[in-house]
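Peer 1: This is the content of run-v8.pdb (PDB, C-alpha atoms, pLDDT in the B column):
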```pdb
ATOM      1  CA  MET A   1       0.000   0.000   0.000  1.00 58.00           C
ATOM      2  CA  THR A   2       1.511   3.292  -1.085  1.00 69.00           C
ATOM      3  CA  THR A   3       0.318   6.686  -0.091  1.00 74.00           C
ATOM      4  CA  LYS A   4       0.592   9.782  -2.148  1.00 74.00           C
ATOM      5  CA  PRO A   5       2.929  12.370  -0.599  1.00 74.00           C
ATOM      6  CA  THR A   6       1.179  15.429   0.734  1.00 75.00           C
ATOM      7  CA  ILE A   7       2.297  18.694  -0.774  1.00 80.00           C
ATOM      8  CA  CYS A   8       2.437  21.757   1.437  1.00 79.00           C
ATOM      9  CA  LEU A   9       0.343  24.468  -0.184  1.00 82.00           C
ATOM     10  CA  LEU A  10       0.460  28.125   0.776  1.00 79.00           C
ATOM     11  CA  VAL A  11      -2.591  30.324   1.081  1.00 79.00           C
ATOM     12  CA  ASP A  12      -3.149  32.621  -1.899  1.00 83.00           C
ATOM     13  CA  ASP A  13      -2.210  35.757  -0.002  1.00 83.00           C
ATOM     14  CA  TRP A  14       0.722  34.319   1.973  1.00 84.00           C
ATOM     15  CA  ARG A  15       2.778  37.485   1.623  1.00 87.00           C
ATOM     16  CA  ARG A  16       0.019  39.517   3.256  1.00 84.00           C
ATOM     17  CA  VAL A  17      -0.331  36.939   6.007  1.00 84.00           C
ATOM     18  CA  LEU A  18       3.410  37.131   6.717  1.00 86.00           C
ATOM     19  CA  ARG A  19       3.219  40.916   6.975  1.00 86.00           C
ATOM     20  CA  ARG A  20      -0.034  41.351   8.879  1.00 86.00           C
ATOM     21  CA  ALA A  21      -1.078  38.265  10.853  1.00 89.00           C
ATOM     22  CA  TRP A  22      -0.599  38.534  14.604  1.00 90.00           C
ATOM     23  CA  SER A  23       0.059  34.804  14.831  1.00 91.00           C
ATOM     24  CA  ILE A  24       3.167  35.264  12.658  1.00 92.00           C
ATOM     25  CA  ARG A  25       4.331  38.308  14.626  1.00 93.00           C
ATOM     26  CA  LEU A  26       3.960  36.507  17.936  1.00 94.00           C
ATOM     27  CA  ALA A  27       5.683  33.364  16.633  1.00 95.00           C
ATOM     28  CA  LEU A  28       8.672  35.491  15.583  1.00 95.00           C
ATOM     29  CA  LEU A  29       8.656  37.222  18.975  1.00 96.00           C
ATOM     30  CA  ALA A  30       8.676  33.820  20.696  1.00 95.00           C
ATOM     31  CA  ALA A  31      11.671  32.809  18.570  1.00 95.00           C
ATOM     32  CA  LEU A  32      13.513  35.989  19.608  1.00 95.00           C
ATOM     33  CA  PHE A  33      12.794  35.337  23.285  1.00 93.00           C
ATOM     34  CA  THR A  34      14.011  31.759  22.917  1.00 92.00           C
ATOM     35  CA  ALA A  35      17.263  32.965  21.349  1.00 93.00           C
ATOM     36  CA  ALA A  36      17.627  35.611  24.079  1.00 89.00           C
ATOM     37  CA  GLU A  37      17.332  32.926  26.759  1.00 86.00           C
ATOM     38  CA  VAL A  38      20.487  31.356  25.334  1.00 86.00           C
ATOM     39  CA  ILE A  39      22.439  34.523  24.468  1.00 87.00           C
ATOM     40  CA  VAL A  40      21.762  36.920  27.370  1.00 83.00           C
ATOM     41  CA  PRO A  41      23.279  34.730  30.138  1.00 81.00           C
ATOM     42  CA  LEU A  42      26.557  34.706  28.201  1.00 82.00           C
ATOM     43  CA  PHE A  43      26.905  38.415  28.979  1.00 76.00           C
ATOM     44  CA  GLY A  44      26.175  38.165  32.693  1.00 75.00           C
ATOM     45  CA  ASP A  45      23.295  37.568  35.033  1.00 74.00           C
ATOM     46  CA  VAL A  46      21.323  40.718  34.295  1.00 75.00           C
ATOM     47  CA  LEU A  47      17.907  39.067  34.521  1.00 78.00           C
ATOM     48  CA  PRO A  48      16.705  36.127  36.577  1.00 82.00           C
ATOM     49  CA  ARG A  49      16.872  32.742  34.869  1.00 79.00           C
ATOM     50  CA  GLY A  50      13.752  31.720  33.009  1.00 85.00           C
ATOM     51  CA  VAL A  51      12.467  35.213  32.201  1.00 88.00           C
ATOM     52  CA  PHE A  52      12.812  34.728  28.461  1.00 89.00           C
ATOM     53  CA  VAL A  53      11.349  31.234  28.658  1.00 90.00           C
ATOM     54  CA  LEU A  54       8.229  32.713  30.249  1.00 93.00           C
ATOM     55  CA  LEU A  55       8.123  35.505  27.659  1.00 93.00           C
ATOM     56  CA  ALA A  56       8.515  32.971  24.833  1.00 94.00           C
ATOM     57  CA  PHE A  57       5.747  30.857  26.363  1.00 95.00           C
ATOM     58  CA  GLY A  58       3.454  33.893  26.536  1.00 96.00           C
ATOM     59  CA  ALA A  59       4.193  34.870  22.947  1.00 95.00           C
ATOM     60  CA  SER A  60       3.643  31.283  21.773  1.00 95.00           C
ATOM     61  CA  MET A  61       0.296  31.069  23.525  1.00 96.00           C
ATOM     62  CA  GLY A  62      -0.664  34.465  22.136  1.00 95.00           C
ATOM     63  CA  GLY A  63       0.256  33.259  18.658  1.00 93.00           C
ATOM     64  CA  ALA A  64      -1.926  30.194  19.047  1.00 93.00           C
ATOM     65  CA  VAL A  65      -4.865  32.330  20.134  1.00 94.00           C
ATOM     66  CA  ALA A  66      -4.212  34.885  17.379  1.00 90.00           C
ATOM     67  CA  ARG A  67      -4.280  32.066  14.832  1.00 86.00           C
ATOM     68  CA  ILE A  68      -7.970  31.418  15.493  1.00 88.00           C
ATOM     69  CA  VAL A  69      -9.135  34.965  16.317  1.00 87.00           C
ATOM     70  CA  ALA A  70     -10.593  36.933  13.411  1.00 81.00           C
ATOM     71  CA  GLN A  71      -8.306  39.681  12.140  1.00 79.00           C
ATOM     72  CA  PRO A  72     -10.680  41.737   9.981  1.00 80.00           C
ATOM     73  CA  ARG A  73      -8.215  44.571   9.366  1.00 77.00           C
ATOM     74  CA  MET A  74      -5.983  42.223   7.403  1.00 73.00           C
ATOM     75  CA  HIS A  75      -8.863  41.442   5.031  1.00 68.00           C
ATOM     76  CA  GLN A  76     -10.191  45.022   4.879  1.00 69.00           C
ATOM     77  CA  ASP A  77      -6.834  46.273   3.632  1.00 62.00           C
ATOM     78  CA  ARG A  78      -6.846  43.604   0.927  1.00 62.00           C
ATOM     79  CA  HIS A  79     -10.276  44.721  -0.286  1.00 60.00           C
ATOM     80  CA  GLN A  80      -9.177  48.364  -0.295  1.00 65.00           C
ATOM     81  CA  GLU A  81      -6.063  47.529  -2.328  1.00 65.00           C
ATOM     82  CA  ARG A  82      -8.119  45.567  -4.861  1.00 64.00           C
ATOM     83  CA  HIS A  83     -10.566  48.463  -5.142  1.00 61.00           C
ATOM     84  CA  GLN A  84      -7.687  50.887  -5.738  1.00 64.00           C
ATOM     85  CA  GLU A  85      -6.225  48.598  -8.401  1.00 64.00           C
ATOM     86  CA  MET A  86      -9.546  48.407 -10.211  1.00 66.00           C
ATOM     87  CA  HIS A  87     -10.353  52.132  -9.845  1.00 66.00           C
ATOM     88  CA  PRO A  88      -7.091  54.112  -9.997  1.00 62.00           C
TER      89      PRO A  88
END
```
Show this structure as structure tokens.
Peer 2:
Amino acid sequence: MTTKPTICLLVDDWRRVLRRAWSIRLALLAALFTAAEVIVPLFGDVLPRGVFVLLAFGASMGGAVARIVAQPRMHQDRHQERHQEMHP
């Protein structure tokens, strides 16, 4: 029994999603906090241990919530841009 490989498809407006979606912004923020947890202690104990882990956790949870919460502004801007393209 062979299965057909699944191809990863992007949404049509993936560039807009990368620029405007809060879930993407928060995922990137979580990545920065995770990197900071490793890098900051190399320069001294300025902050208590685990601060960046907690910040990364908060950003990750926020990103998960933002993924399912409606973000109407992202879609409104798309409709405005299309209208401007059609009616210069």
Peer 1: Report the distance between atom CA of Val40 of chain A and atom CA of Phe52 of chain A in Å, rounded to one decimal place.
Peer 2: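 That distance, rounded to one decimal, is 9.3 Å.
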Peer 1: Need the shell around Arg25 of chain A: protein/DNA/RNA residues with any atom at most 12 Å away, counting all atoms listed in the file. Skip same-chain ones fewer than 3 positions apart. Format as a ChimeraX atom specification?
Peer 2: /A:17-22,28-32,59-60,62-64,66-67
Peer 1: Could you check the closest approach to Asp13 of chain A for each of A:Leu26, A:Ala35, A:Met74, A:Val69 and tell me which residue wins, using only C-alpha atoms?
Peer 2: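 For Asp13 of chain A, the nearest of the candidates is A:Met74.
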Peer 1: Rank nothing, just name the residue among A:Arg73, A:Val11, A:Ile68, A:Gly58 nearest to Phe33 of chain A, using only C-alpha atoms.
Peer 2: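 Of A:Arg73, A:Val11, A:Ile68, A:Gly58, the one nearest Phe33 of chain A is A:Gly58, counting only C-alpha atoms.
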Peer 1: Record the distance separating atom CA of Val38 of chain A and atom CA of Gly50 of chain A, expressed in Å with one decimal.
Peer 2: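 Straight-line distance from atom CA of Val38 of chain A to atom CA of Gly50 of chain A works out to 10.2 Å.
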Peer 1: State, in Å with one decimal place, the distance from atom CA of Ala36 of chain A to atom CA of Leu55 of chain A.
Peer 2: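 Computed distance, atom CA of Ala36 of chain A to atom CA of Leu55 of chain A, equals 10.2 Å.
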